[in-house]
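File shown: upload-v6.txt (compact mmCIF, C-alpha atoms and all ligand atoms).
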# COMPACT_ATOMS: atom_id res chain seq x y z
CA MET A 1 -5.23 27.18 5.22
CA LYS A 2 -2.07 28.52 3.65
CA ILE A 3 0.94 26.23 3.20
CA ASP A 4 4.27 27.91 4.05
CA VAL A 5 7.12 26.72 1.87
CA LEU A 6 10.44 26.86 3.72
CA PRO A 7 13.82 26.94 1.98
CA ILE A 8 16.00 23.84 1.65
CA PRO A 9 19.47 24.77 2.87
CA ASP A 10 21.15 21.50 1.92
CA PRO A 11 19.64 19.70 -1.07
CA LYS A 12 20.78 16.09 -1.34
CA PRO A 13 22.37 14.74 -4.53
CA ARG A 14 19.92 12.88 -6.77
CA ILE A 15 20.26 9.12 -7.10
CA GLU A 16 22.37 8.53 -10.19
CA ASP A 17 22.08 4.79 -10.55
CA GLU A 18 18.35 4.12 -10.43
CA SER A 19 18.95 0.38 -10.63
CA GLN A 20 20.14 0.68 -7.02
CA LEU A 21 16.80 2.02 -5.77
CA VAL A 22 15.33 -0.14 -3.05
CA PHE A 23 11.87 0.26 -1.60
CA GLY A 24 11.52 2.98 1.04
CA LYS A 25 15.15 3.64 1.95
CA GLN A 26 15.87 7.01 0.34
CA PHE A 27 13.86 10.17 0.90
CA THR A 28 13.62 13.47 -0.94
CA ASP A 29 14.59 16.94 0.31
CA ARG A 30 11.21 18.12 1.52
CA MET A 31 8.25 16.96 3.59
CA PHE A 32 4.77 18.32 4.24
CA LEU A 33 3.76 18.74 7.88
CA MET A 34 0.77 20.14 9.79
CA GLU A 35 -0.45 19.92 13.37
CA TYR A 36 -3.81 19.46 15.03
CA THR A 37 -4.92 20.66 18.42
CA THR A 38 -8.42 19.96 19.75
CA GLY A 39 -10.40 23.20 19.73
CA GLN A 40 -8.13 24.76 17.13
CA GLY A 41 -8.23 22.19 14.32
CA TRP A 42 -5.42 21.70 11.81
CA HIS A 43 -2.82 24.46 11.69
CA SER A 44 0.80 25.35 10.85
CA ALA A 45 0.77 23.68 7.43
CA ARG A 46 4.19 23.84 5.84
CA ILE A 47 6.57 22.22 3.42
CA GLN A 48 9.92 22.04 5.15
CA PRO A 49 13.25 20.26 4.80
CA TYR A 50 12.94 16.47 5.25
CA GLY A 51 14.38 15.44 8.58
CA PRO A 52 13.76 14.15 12.09
CA PHE A 53 11.32 15.97 14.35
CA SER A 54 11.33 15.92 18.12
CA MET A 55 8.55 14.26 20.06
CA ASP A 56 7.70 13.92 23.73
CA PRO A 57 8.62 10.41 24.98
CA ALA A 58 5.05 10.20 26.32
CA ALA A 59 3.52 10.94 22.88
CA MET A 60 0.51 8.64 22.66
CA VAL A 61 1.49 7.13 19.31
CA LEU A 62 4.57 5.66 20.98
CA HIS A 63 2.50 3.87 23.62
CA TYR A 64 -0.88 3.04 22.15
CA ALA A 65 -0.12 3.14 18.42
CA GLN A 66 -2.72 5.70 17.39
CA GLU A 67 -1.38 6.02 13.85
CA ILE A 68 -2.59 5.79 10.28
CA PHE A 69 -0.87 5.99 6.93
CA GLU A 70 -1.40 5.78 3.17
CA GLY A 71 0.66 4.73 0.18
CA LEU A 72 0.35 6.17 -3.31
CA LYS A 73 2.70 6.87 -6.16
CA ALA A 74 3.78 9.55 -8.61
CA PHE A 75 4.97 8.28 -11.99
CA ARG A 76 7.36 9.78 -14.53
CA ARG A 77 5.50 9.37 -17.80
CA ASP A 78 7.04 8.70 -21.15
CA ASP A 79 6.59 12.36 -22.18
CA GLY A 80 8.54 13.48 -19.07
CA SER A 81 5.51 14.74 -17.14
CA VAL A 82 4.68 13.54 -13.63
CA ALA A 83 1.29 12.18 -12.60
CA LEU A 84 -0.38 10.76 -9.51
CA PHE A 85 -2.59 7.68 -9.67
CA ARG A 86 -6.05 7.90 -8.04
CA PRO A 87 -4.82 10.18 -5.23
CA ALA A 88 -8.35 11.19 -4.16
CA ASP A 89 -9.08 7.53 -3.36
CA ASN A 90 -6.10 7.44 -1.00
CA VAL A 91 -7.09 10.65 0.72
CA ALA A 92 -10.66 9.37 1.19
CA ARG A 93 -9.30 6.12 2.66
CA PHE A 94 -6.99 8.13 4.96
CA ASN A 95 -10.10 9.77 6.42
CA ARG A 96 -11.88 6.42 6.79
CA SER A 97 -8.86 5.14 8.70
CA ALA A 98 -8.84 8.33 10.81
CA ARG A 99 -12.48 7.83 11.83
CA ARG A 100 -11.89 4.22 12.91
CA MET A 101 -8.81 5.19 14.93
CA CYS A 102 -10.59 8.18 16.60
CA MET A 103 -8.28 10.64 14.86
CA PRO A 104 -9.20 13.97 13.25
CA GLU A 105 -10.11 13.94 9.57
CA VAL A 106 -8.30 16.13 7.05
CA ASP A 107 -9.96 18.39 4.52
CA GLU A 108 -9.68 16.15 1.47
CA ALA A 109 -9.33 18.91 -1.15
CA PHE A 110 -6.72 20.69 0.97
CA PHE A 111 -4.71 17.54 1.66
CA LEU A 112 -4.81 16.49 -1.97
CA ASP A 113 -3.51 19.89 -2.95
CA ALA A 114 -0.77 19.68 -0.29
CA ILE A 115 0.37 16.35 -1.78
CA ARG A 116 0.33 17.85 -5.28
CA GLN A 117 2.34 20.88 -4.17
CA LEU A 118 4.91 18.72 -2.43
CA VAL A 119 5.31 16.40 -5.40
CA ALA A 120 5.54 19.39 -7.78
CA LEU A 121 8.40 20.85 -5.69
CA GLU A 122 10.13 17.46 -5.64
CA ALA A 123 9.35 16.53 -9.26
CA ASP A 124 13.04 16.14 -10.03
CA TRP A 125 13.13 13.23 -7.60
CA VAL A 126 10.65 11.16 -9.62
CA PRO A 127 12.91 8.50 -11.15
CA ARG A 128 12.98 7.80 -14.88
CA SER A 129 13.90 4.13 -15.27
CA PRO A 130 11.28 1.51 -16.14
CA GLY A 131 9.37 0.25 -13.11
CA THR A 132 10.48 3.07 -10.81
CA SER A 133 8.27 5.70 -9.19
CA LEU A 134 8.04 8.15 -6.31
CA TYR A 135 6.27 6.49 -3.37
CA ILE A 136 4.21 8.94 -1.30
CA ARG A 137 3.59 8.17 2.36
CA PRO A 138 0.97 10.35 4.12
CA THR A 139 1.00 9.62 7.87
CA MET A 140 -0.86 10.81 10.97
CA ILE A 141 0.34 10.26 14.54
CA ALA A 142 -0.98 11.11 18.01
CA THR A 143 1.53 13.48 19.61
CA GLU A 144 -0.16 14.43 22.87
CA PRO A 145 2.03 13.46 25.86
CA MET A 146 -0.34 11.35 27.97
CA LEU A 147 -0.27 7.82 29.35
CA GLY A 148 -4.01 7.37 29.89
CA VAL A 149 -5.74 5.29 27.21
CA ARG A 150 -8.05 7.55 25.20
CA PRO A 151 -7.93 9.35 21.84
CA ALA A 152 -5.25 12.06 21.87
CA ASP A 153 -5.87 15.81 21.74
CA GLN A 154 -2.89 16.59 19.51
CA TYR A 155 -1.73 15.13 16.20
CA SER A 156 0.84 15.60 13.48
CA CYS A 157 0.09 14.80 9.88
CA TYR A 158 2.97 14.60 7.43
CA VAL A 159 3.83 13.41 3.96
CA ILE A 160 7.22 12.03 2.97
CA LEU A 161 8.41 10.93 -0.47
CA SER A 162 10.67 8.05 -1.43
CA PRO A 163 12.00 7.27 -4.93
CA VAL A 164 11.50 3.52 -5.31
CA GLY A 165 12.27 0.52 -7.46
CA ALA A 166 10.46 -2.82 -7.25
CA TYR A 167 9.09 -3.82 -3.82
CA TYR A 168 10.34 -7.38 -4.10
CA LYS A 169 13.98 -8.00 -4.94
CA GLY A 170 13.01 -10.15 -7.92
CA GLY A 171 10.85 -7.45 -9.61
CA LEU A 172 8.03 -9.18 -11.54
CA ALA A 173 9.45 -12.64 -10.75
CA PRO A 174 6.81 -14.84 -9.07
CA VAL A 175 6.93 -14.86 -5.26
CA LYS A 176 6.71 -17.77 -2.85
CA ILE A 177 3.84 -17.60 -0.38
CA TRP A 178 3.55 -19.35 2.95
CA ILE A 179 -0.02 -19.87 4.17
CA SER A 180 -0.25 -19.65 7.94
CA ASP A 181 -2.51 -22.17 9.68
CA HIS A 182 -1.82 -20.63 13.06
CA TYR A 183 -1.21 -16.89 13.05
CA VAL A 184 -4.03 -14.55 12.05
CA ARG A 185 -3.97 -10.96 10.87
CA ALA A 186 -7.40 -9.56 11.70
CA ALA A 187 -10.76 -10.68 13.06
CA HIS A 188 -14.24 -9.35 12.27
CA GLY A 189 -14.88 -6.17 14.23
CA GLY A 190 -11.16 -5.39 14.43
CA THR A 191 -9.04 -2.98 12.43
CA GLY A 192 -8.06 -5.21 9.49
CA GLU A 193 -9.37 -2.80 6.86
CA VAL A 194 -7.65 0.20 8.44
CA LYS A 195 -4.26 1.35 7.28
CA THR A 196 -2.74 1.52 10.73
CA GLY A 197 0.77 0.52 11.76
CA GLY A 198 -0.47 -1.97 14.37
CA ASN A 199 -1.74 -4.34 11.69
CA TYR A 200 1.75 -4.46 10.22
CA ALA A 201 3.52 -4.80 13.58
CA ALA A 202 1.29 -7.77 14.37
CA SER A 203 2.27 -9.45 11.09
CA LEU A 204 6.03 -9.39 11.66
CA TYR A 205 6.41 -12.52 13.76
CA ALA A 206 4.83 -14.80 11.17
CA ALA A 207 6.59 -12.96 8.35
CA ARG A 208 9.94 -13.62 10.00
CA GLU A 209 9.11 -17.30 10.38
CA ALA A 210 8.14 -17.44 6.70
CA ALA A 211 11.28 -15.58 5.60
CA GLY A 212 13.39 -17.97 7.66
CA GLN A 213 12.04 -20.81 5.53
CA GLY A 214 12.68 -19.00 2.26
CA TYR A 215 9.21 -17.53 1.61
CA ASP A 216 8.56 -13.97 0.47
CA GLN A 217 5.26 -13.34 2.25
CA VAL A 218 2.57 -14.79 4.51
CA LEU A 219 -0.94 -15.38 3.21
CA TRP A 220 -3.42 -14.88 6.04
CA LEU A 221 -6.53 -16.99 6.43
CA ASP A 222 -9.73 -15.88 8.18
CA ALA A 223 -9.34 -15.60 11.94
CA LYS A 224 -12.41 -17.67 12.83
CA ASN A 225 -11.96 -20.92 10.93
CA ARG A 226 -8.52 -20.48 9.36
CA GLN A 227 -10.02 -21.74 6.13
CA HIS A 228 -10.53 -18.88 3.72
CA VAL A 229 -8.08 -16.56 2.02
CA GLU A 230 -7.88 -13.03 3.42
CA GLU A 231 -4.85 -11.12 2.13
CA VAL A 232 -1.08 -10.93 2.14
CA GLY A 233 -0.17 -8.00 4.47
CA SER A 234 1.31 -5.90 1.65
CA MET A 235 -1.16 -6.95 -1.07
CA ASN A 236 -4.68 -8.18 -1.84
CA MET A 237 -4.85 -11.60 -3.52
CA CYS A 238 -6.43 -12.48 -6.87
CA PHE A 239 -6.77 -15.94 -8.43
CA ILE A 240 -7.66 -16.98 -11.96
CA TYR A 241 -10.01 -19.84 -11.22
CA ASP A 242 -12.14 -21.48 -13.91
CA GLY A 243 -11.13 -18.54 -16.12
CA ARG A 244 -12.68 -16.02 -13.69
CA LEU A 245 -10.86 -13.56 -11.46
CA VAL A 246 -11.63 -14.56 -7.86
CA THR A 247 -10.73 -12.25 -4.96
CA SER A 248 -11.72 -12.03 -1.30
CA PRO A 249 -14.66 -9.73 -0.54
CA LEU A 250 -14.31 -6.59 1.58
CA HIS A 251 -15.89 -7.52 4.91
CA GLY A 252 -13.83 -5.32 7.17
CA THR A 253 -10.88 -7.64 7.74
CA ILE A 254 -8.83 -6.86 4.63
CA LEU A 255 -7.65 -3.65 3.06
CA ASP A 256 -9.84 -2.03 0.41
CA GLY A 257 -6.89 -1.77 -1.98
CA ILE A 258 -6.91 0.92 -4.65
CA THR A 259 -4.80 -1.29 -6.93
CA ARG A 260 -7.30 -4.11 -6.21
CA ARG A 261 -10.14 -1.81 -7.31
CA SER A 262 -8.25 -0.80 -10.45
CA ILE A 263 -7.39 -4.40 -11.38
CA LEU A 264 -10.99 -5.58 -10.92
CA SER A 265 -12.17 -2.83 -13.20
CA LEU A 266 -9.48 -3.54 -15.85
CA ALA A 267 -10.22 -7.28 -15.68
CA GLN A 268 -13.90 -6.62 -16.36
CA GLN A 269 -12.96 -4.38 -19.28
CA MET A 270 -10.85 -7.23 -20.63
CA GLY A 271 -13.96 -9.43 -20.52
CA LEU A 272 -13.01 -11.42 -17.43
CA GLU A 273 -15.76 -12.27 -15.01
CA VAL A 274 -14.93 -11.06 -11.48
CA GLU A 275 -16.10 -13.02 -8.47
CA GLU A 276 -15.66 -11.53 -5.00
CA ARG A 277 -15.61 -14.58 -2.79
CA ALA A 278 -13.07 -15.97 -0.37
CA LEU A 279 -11.34 -19.01 -1.80
CA ALA A 280 -10.83 -21.86 0.70
CA VAL A 281 -7.25 -22.96 1.18
CA ASP A 282 -8.22 -26.46 -0.02
CA GLU A 283 -9.52 -24.97 -3.24
CA ILE A 284 -6.09 -23.48 -3.92
CA PHE A 285 -4.40 -26.86 -3.78
CA ALA A 286 -7.19 -28.82 -5.50
CA GLY A 287 -7.51 -26.05 -8.09
CA ILE A 288 -3.82 -26.09 -8.96
CA GLU A 289 -3.80 -29.88 -9.13
CA SER A 290 -6.84 -30.07 -11.40
CA GLY A 291 -5.76 -27.16 -13.59
CA ARG A 292 -8.77 -25.01 -12.60
CA LEU A 293 -6.56 -22.50 -10.79
CA THR A 294 -4.13 -21.27 -13.39
CA GLU A 295 -2.71 -18.00 -12.05
CA ALA A 296 -2.45 -16.12 -8.76
CA PHE A 297 -1.17 -12.64 -8.06
CA GLY A 298 -1.15 -9.95 -5.41
CA THR A 299 -2.08 -6.31 -5.94
CA GLY A 300 -0.97 -3.25 -3.98
CA THR A 301 0.45 0.22 -4.45
CA ALA A 302 3.92 -0.86 -3.41
CA VAL A 303 3.96 -4.25 -5.17
CA VAL A 304 1.78 -3.16 -8.17
CA VAL A 305 0.88 -6.64 -9.50
CA SER A 306 2.98 -9.44 -8.11
CA PRO A 307 2.66 -12.95 -9.56
CA VAL A 308 2.69 -15.89 -7.17
CA GLY A 309 4.68 -18.94 -8.19
CA GLN A 310 4.26 -21.16 -5.17
CA PHE A 311 1.97 -21.75 -2.18
CA THR A 312 2.99 -23.79 0.84
CA TYR A 313 0.54 -24.84 3.56
CA GLN A 314 1.10 -27.36 6.35
CA GLY A 315 4.21 -28.66 4.59
CA LYS A 316 2.42 -29.16 1.27
CA THR A 317 3.63 -27.15 -1.74
CA ALA A 318 1.87 -26.40 -5.01
CA LEU A 319 3.56 -24.66 -7.92
CA LEU A 320 1.76 -22.51 -10.45
CA GLY A 321 3.23 -23.69 -13.74
CA ASP A 322 6.96 -24.04 -13.19
CA GLY A 323 6.75 -21.58 -10.28
CA LYS A 324 8.94 -19.10 -12.16
CA THR A 325 6.84 -17.86 -15.04
CA THR A 326 4.35 -14.98 -14.90
CA GLY A 327 0.91 -16.05 -16.18
CA GLU A 328 -0.58 -14.50 -19.29
CA ILE A 329 -3.51 -12.74 -17.60
CA THR A 330 -1.31 -11.48 -14.76
CA ARG A 331 1.13 -10.04 -17.29
CA LYS A 332 -1.66 -8.43 -19.31
CA LEU A 333 -3.19 -6.81 -16.22
CA TYR A 334 0.24 -5.60 -15.10
CA ASP A 335 0.99 -4.17 -18.54
CA THR A 336 -2.39 -2.45 -18.76
CA LEU A 337 -2.24 -0.92 -15.28
CA THR A 338 1.34 0.28 -15.62
CA GLY A 339 0.60 1.41 -19.19
CA ILE A 340 -2.05 3.79 -17.80
CA GLN A 341 0.16 4.88 -14.90
CA TYR A 342 3.15 5.67 -17.12
CA GLY A 343 1.04 7.31 -19.83
CA ARG A 344 1.57 4.64 -22.49
CA LEU A 345 -2.13 3.75 -22.60
CA PRO A 346 -5.15 6.07 -22.51
CA ASP A 347 -6.65 6.80 -19.10
CA THR A 348 -10.32 6.26 -19.88
CA GLN A 349 -11.46 6.28 -16.24
CA GLY A 350 -9.94 9.54 -15.01
CA TRP A 351 -7.48 7.80 -12.66
CA VAL A 352 -4.43 9.85 -13.60
CA VAL A 353 -3.91 13.31 -12.10
CA GLU A 354 -1.16 15.36 -13.71
CA ILE A 355 1.04 17.45 -11.45
C1 LIG Z 401 1.30 -0.02 -0.07
O1 LIG Z 401 1.17 -0.83 -0.97
O2 LIG Z 401 1.35 1.19 -0.27
C2 LIG Z 401 1.39 -0.44 1.32
O3 LIG Z 401 1.00 0.30 2.15
C3 LIG Z 401 1.98 -1.75 1.61
C4 LIG Z 401 3.18 -1.66 2.41
C5 LIG Z 401 4.46 -1.37 1.83
C6 LIG Z 401 3.00 -1.53 3.85
Produce structure tokens that represent the structure in this file.
Ligand code: COI
Amino acid sequence: MKIDVLPIPDPKPRIEDESQLVFGKQFTDRMFLMEYTTGQGWHSARIQPYGPFSMDPAAMVLHYAQEIFEGLKAFRRDDGSVALFRPADNVARFNRSARRMCMPEVDEAFFLDAIRQLVALEADWVPRSPGTSLYIRPTMIATEPMLGVRPADQYSCYVILSPVGAYYKGGLAPVKIWISDHYVRAAHGGTGEVKTGGNYAASLYAAREAAGQGYDQVLWLDAKNRQHVEEVGSMNMCFIYDGRLVTSPLHGTILDGITRRSILSLAQQMGLEVEERALAVDEIFAGIESGRLTEAFGTGTAVVVSPVGQFTYQGKTALLGDGKTTGEITRKLYDTLTGIQYGRLPDTQGWVVEI
């Protein structure tokens, strides 16, 4: 399928002060868009000016939340070039999400190329300051106007781009995590591993409660026993426990994070043993107290690697170190991952795709 490239009548001014970049608030001049109709397949692929599109008020996404999305980044490297990080993994996950949500799959090679073309046209928007990047948000929504509950017959798939700074206000400063003993994110057999908006909508109530008490994020426990660590909505969790990297296994309730995958692989290369097992909440507190649990951090495209300084559960708080200092292993993993992304370290695993 050919991608039509439409002119941009009104280009926006570039962001001059990159220190002012917040996550996901500014968007570039162009977006990619294509439509799907049952019987016809995907059609009308184009790169057009970024802006609102009209939708029927009965569009099924607005009623039954048939929606999926992805998050990946383009980085400005030290030599000025722009590169994507593991984009094929995101596109493959987009299709896995599509299957689970009864939505049409995209042709992976075509979609990857569409993302590359869009980023190439918008390359000037990739910020230059340390820690900044261009966040890429592929999205698919059900557009058929219909109030019956069934998979839609019409979809839009689009990609928007947002120049971003750090996800958390404090940058690499350790975050405070509230562990919920009541609310749950996803149960076995549900859609926890799918990148669909509903998972995030369902997390807001607890997140607001946590924010009201001064916490940055909610750590979800398993839905059945509320005992074992699952994930933090915007990141997978890793712990340095007995000198090993411990992280929850992928059993369908948590996201199969691409940053998680990358960190596990880098940790192994660094000689760390990786153990995929769900830590019990009691182990977190006992581990911190006994000194067996020395570091904790989250991983995700948006957050990159985010150290945790404090856990609170049922009114009990445990600090990692002084709660304010990033652990040595966390820092090393962060430096290695971002070193590869920004072209400061060699990409030995073929993760980086130049635009
Ligand atoms: C990402 O890390 O890309 C995410 O999708 C998390 C989030 C900002 C919803």
With a cut-off of 10 Å, could you pull out the residues of chain A touching ligand LIG 401 (chain Z) and give me the nearest pair of atoms for each, distance in Å to one decimal, using all atoms listed in the file, ordered by chain and ascending number, as a tab-separated table?
residue	atom	partner	partner_atom	distance
A:Phe23	CA	Z:LIG401	C5	8.3
A:Gly24	CA	Z:LIG401	C5	8.3
A:Phe69	CA	Z:LIG401	O3	7.7
A:Glu70	CA	Z:LIG401	O3	6.1
A:Gly71	CA	Z:LIG401	O2	3.6
A:Leu72	CA	Z:LIG401	O2	5.9
A:Lys73	CA	Z:LIG401	O2	8.3
A:Asn90	CA	Z:LIG401	O2	9.8
A:Tyr135	CA	Z:LIG401	O2	7.9
A:Ile136	CA	Z:LIG401	O2	8.3
A:Arg137	CA	Z:LIG401	O2	7.8
A:Tyr167	CA	Z:LIG401	C5	7.7
A:Lys195	CA	Z:LIG401	O3	7.4
A:Thr196	CA	Z:LIG401	O3	9.4
A:Gly197	CA	Z:LIG401	C6	8.5
A:Asn199	CA	Z:LIG401	C6	9.6
A:Tyr200	CA	Z:LIG401	C6	7.1
A:Val232	CA	Z:LIG401	C3	9.7
A:Gly233	CA	Z:LIG401	C3	7.2
A:Ser234	CA	Z:LIG401	C3	4.2
A:Met235	CA	Z:LIG401	O1	6.5
A:Asn236	CA	Z:LIG401	O1	9.4
A:Leu255	CA	Z:LIG401	O3	9.6
A:Gly257	CA	Z:LIG401	O1	8.2
A:Ile258	CA	Z:LIG401	O1	9.0
A:Thr259	CA	Z:LIG401	O1	8.4
A:Thr299	CA	Z:LIG401	O1	8.1
A:Gly300	CA	Z:LIG401	O1	4.4
A:Thr301	CA	Z:LIG401	O1	3.7
A:Ala302	CA	Z:LIG401	O1	3.7
A:Val303	CA	Z:LIG401	O1	6.1
A:Val304	CA	Z:LIG401	O1	7.6
Selection file, C-alpha atoms, as a tab-separated table (two decimals), in the coordinates of the input:
chain	number	residue	atom	x	y	z
A	23	PHE	CA	11.87	0.26	-1.60
A	24	GLY	CA	11.52	2.98	1.04
A	69	PHE	CA	-0.87	5.99	6.93
A	70	GLU	CA	-1.40	5.78	3.17
A	71	GLY	CA	0.66	4.73	0.18
A	72	LEU	CA	0.35	6.17	-3.31
A	73	LYS	CA	2.70	6.87	-6.16
A	90	ASN	CA	-6.10	7.44	-1.00
A	135	TYR	CA	6.27	6.49	-3.37
A	136	ILE	CA	4.21	8.94	-1.30
A	137	ARG	CA	3.59	8.17	2.36
A	167	TYR	CA	9.09	-3.82	-3.82
A	195	LYS	CA	-4.26	1.35	7.28
A	196	THR	CA	-2.74	1.52	10.73
A	197	GLY	CA	0.77	0.52	11.76
A	199	ASN	CA	-1.74	-4.34	11.69
A	200	TYR	CA	1.75	-4.46	10.22
A	232	VAL	CA	-1.08	-10.93	2.14
A	233	GLY	CA	-0.17	-8.00	4.47
A	234	SER	CA	1.31	-5.90	1.65
A	235	MET	CA	-1.16	-6.95	-1.07
A	236	ASN	CA	-4.68	-8.18	-1.84
A	255	LEU	CA	-7.65	-3.65	3.06
A	257	GLY	CA	-6.89	-1.77	-1.98
A	258	ILE	CA	-6.91	0.92	-4.65
A	259	THR	CA	-4.80	-1.29	-6.93
A	299	THR	CA	-2.08	-6.31	-5.94
A	300	GLY	CA	-0.97	-3.25	-3.98
A	301	THR	CA	0.45	0.22	-4.45
A	302	ALA	CA	3.92	-0.86	-3.41
A	303	VAL	CA	3.96	-4.25	-5.17
A	304	VAL	CA	1.78	-3.16	-8.17
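For the residues A:Tyr342, A:Tyr64, A:Phe285, A:Tyr50, ranking by smallest atom-to-atom distance to Lys316 of chain A using all atoms listed in the file places A:Phe285 first.
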Neighbours of Ile68 of chain A within 9 Å (all atoms listed in the file; same-chain residues fewer than 6 positions away dropped), as a ChimeraX atom specification?
/A:94,97-98,101,103,138-141,194-197
List every residue of segment 84-187 of chain A that has an atom at most 10 Å from any atom of segment 219-228 of chain A, giving for each one its closest atom pair and the distance in Å to one decimal, counting only C-alpha atoms, sorted by chain and then by ascending residue number, as JSON lines.
{"residue": "A:Ile177", "atom": "CA", "partner": "A:Leu219", "partner_atom": "CA", "distance": 6.4}
{"residue": "A:Trp178", "atom": "CA", "partner": "A:Leu219", "partner_atom": "CA", "distance": 6.0}
{"residue": "A:Ile179", "atom": "CA", "partner": "A:Leu219", "partner_atom": "CA", "distance": 4.7}
{"residue": "A:Ser180", "atom": "CA", "partner": "A:Trp220", "partner_atom": "CA", "distance": 6.0}
{"residue": "A:Asp181", "atom": "CA", "partner": "A:Arg226", "partner_atom": "CA", "distance": 6.3}
{"residue": "A:His182", "atom": "CA", "partner": "A:Arg226", "partner_atom": "CA", "distance": 7.7}
{"residue": "A:Tyr183", "atom": "CA", "partner": "A:Trp220", "partner_atom": "CA", "distance": 7.6}
{"residue": "A:Val184", "atom": "CA", "partner": "A:Ala223", "partner_atom": "CA", "distance": 5.4}
{"residue": "A:Arg185", "atom": "CA", "partner": "A:Trp220", "partner_atom": "CA", "distance": 6.2}
{"residue": "A:Ala186", "atom": "CA", "partner": "A:Ala223", "partner_atom": "CA", "distance": 6.3}
{"residue": "A:Ala187", "atom": "CA", "partner": "A:Ala223", "partner_atom": "CA", "distance": 5.2}
What does the structure give for the distance between atom CA of Ala58 of chain A and atom CA of Glu144 of chain A, in Å to one decimal?
7.5 Å
Best match for closeness to His188 of chain A among A:Gly287, A:Val246, A:Ala202, A:Thr253, counting all atoms listed in the file
A:Thr253
List the spatial neighbours of segment 210-216 of chain A as a PyMOL selection string - criterion: any atom at most 10 Å away, all atoms listed in the file, same-chain residues fewer than 3 positions off excluded.
chain A and resi 168-169+174-180+204-207+219+308+310-312
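For the choices A:Asp56, A:Asp113, A:Asp124, A:Glu273, the atom-to-atom distance to Phe75 of chain A is smallest for A:Asp124 when using only C-alpha atoms.
Atom CA of Gly243 of chain A is found 17.7 Å from atom CA of Gly309 of chain A.
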Enumerate, in order of chain and increasing residue number, the residues of segment 99-204 of chain A with an atom no farther than 12 Å from segment 2-6 of chain A, each with its shortest atom pair and distance in Å to one decimal, counting all atoms listed in the file, as CSV.
residue,atom,partner,partner_atom,distance
A:Phe110,CA,A:Lys2,CA,9.5
A:Phe111,CA,A:Ile3,CA,10.5
A:Asp113,CA,A:Ile3,CA,9.9
A:Ala114,CA,A:Ile3,CA,7.6
A:Ile115,CA,A:Ile3,CA,11.1
A:Arg116,CA,A:Ile3,CA,11.9
A:Gln117,CA,A:Ile3,CA,9.2
A:Leu118,CA,A:Val5,CA,9.3
A:Leu121,CA,A:Val5,CA,9.7
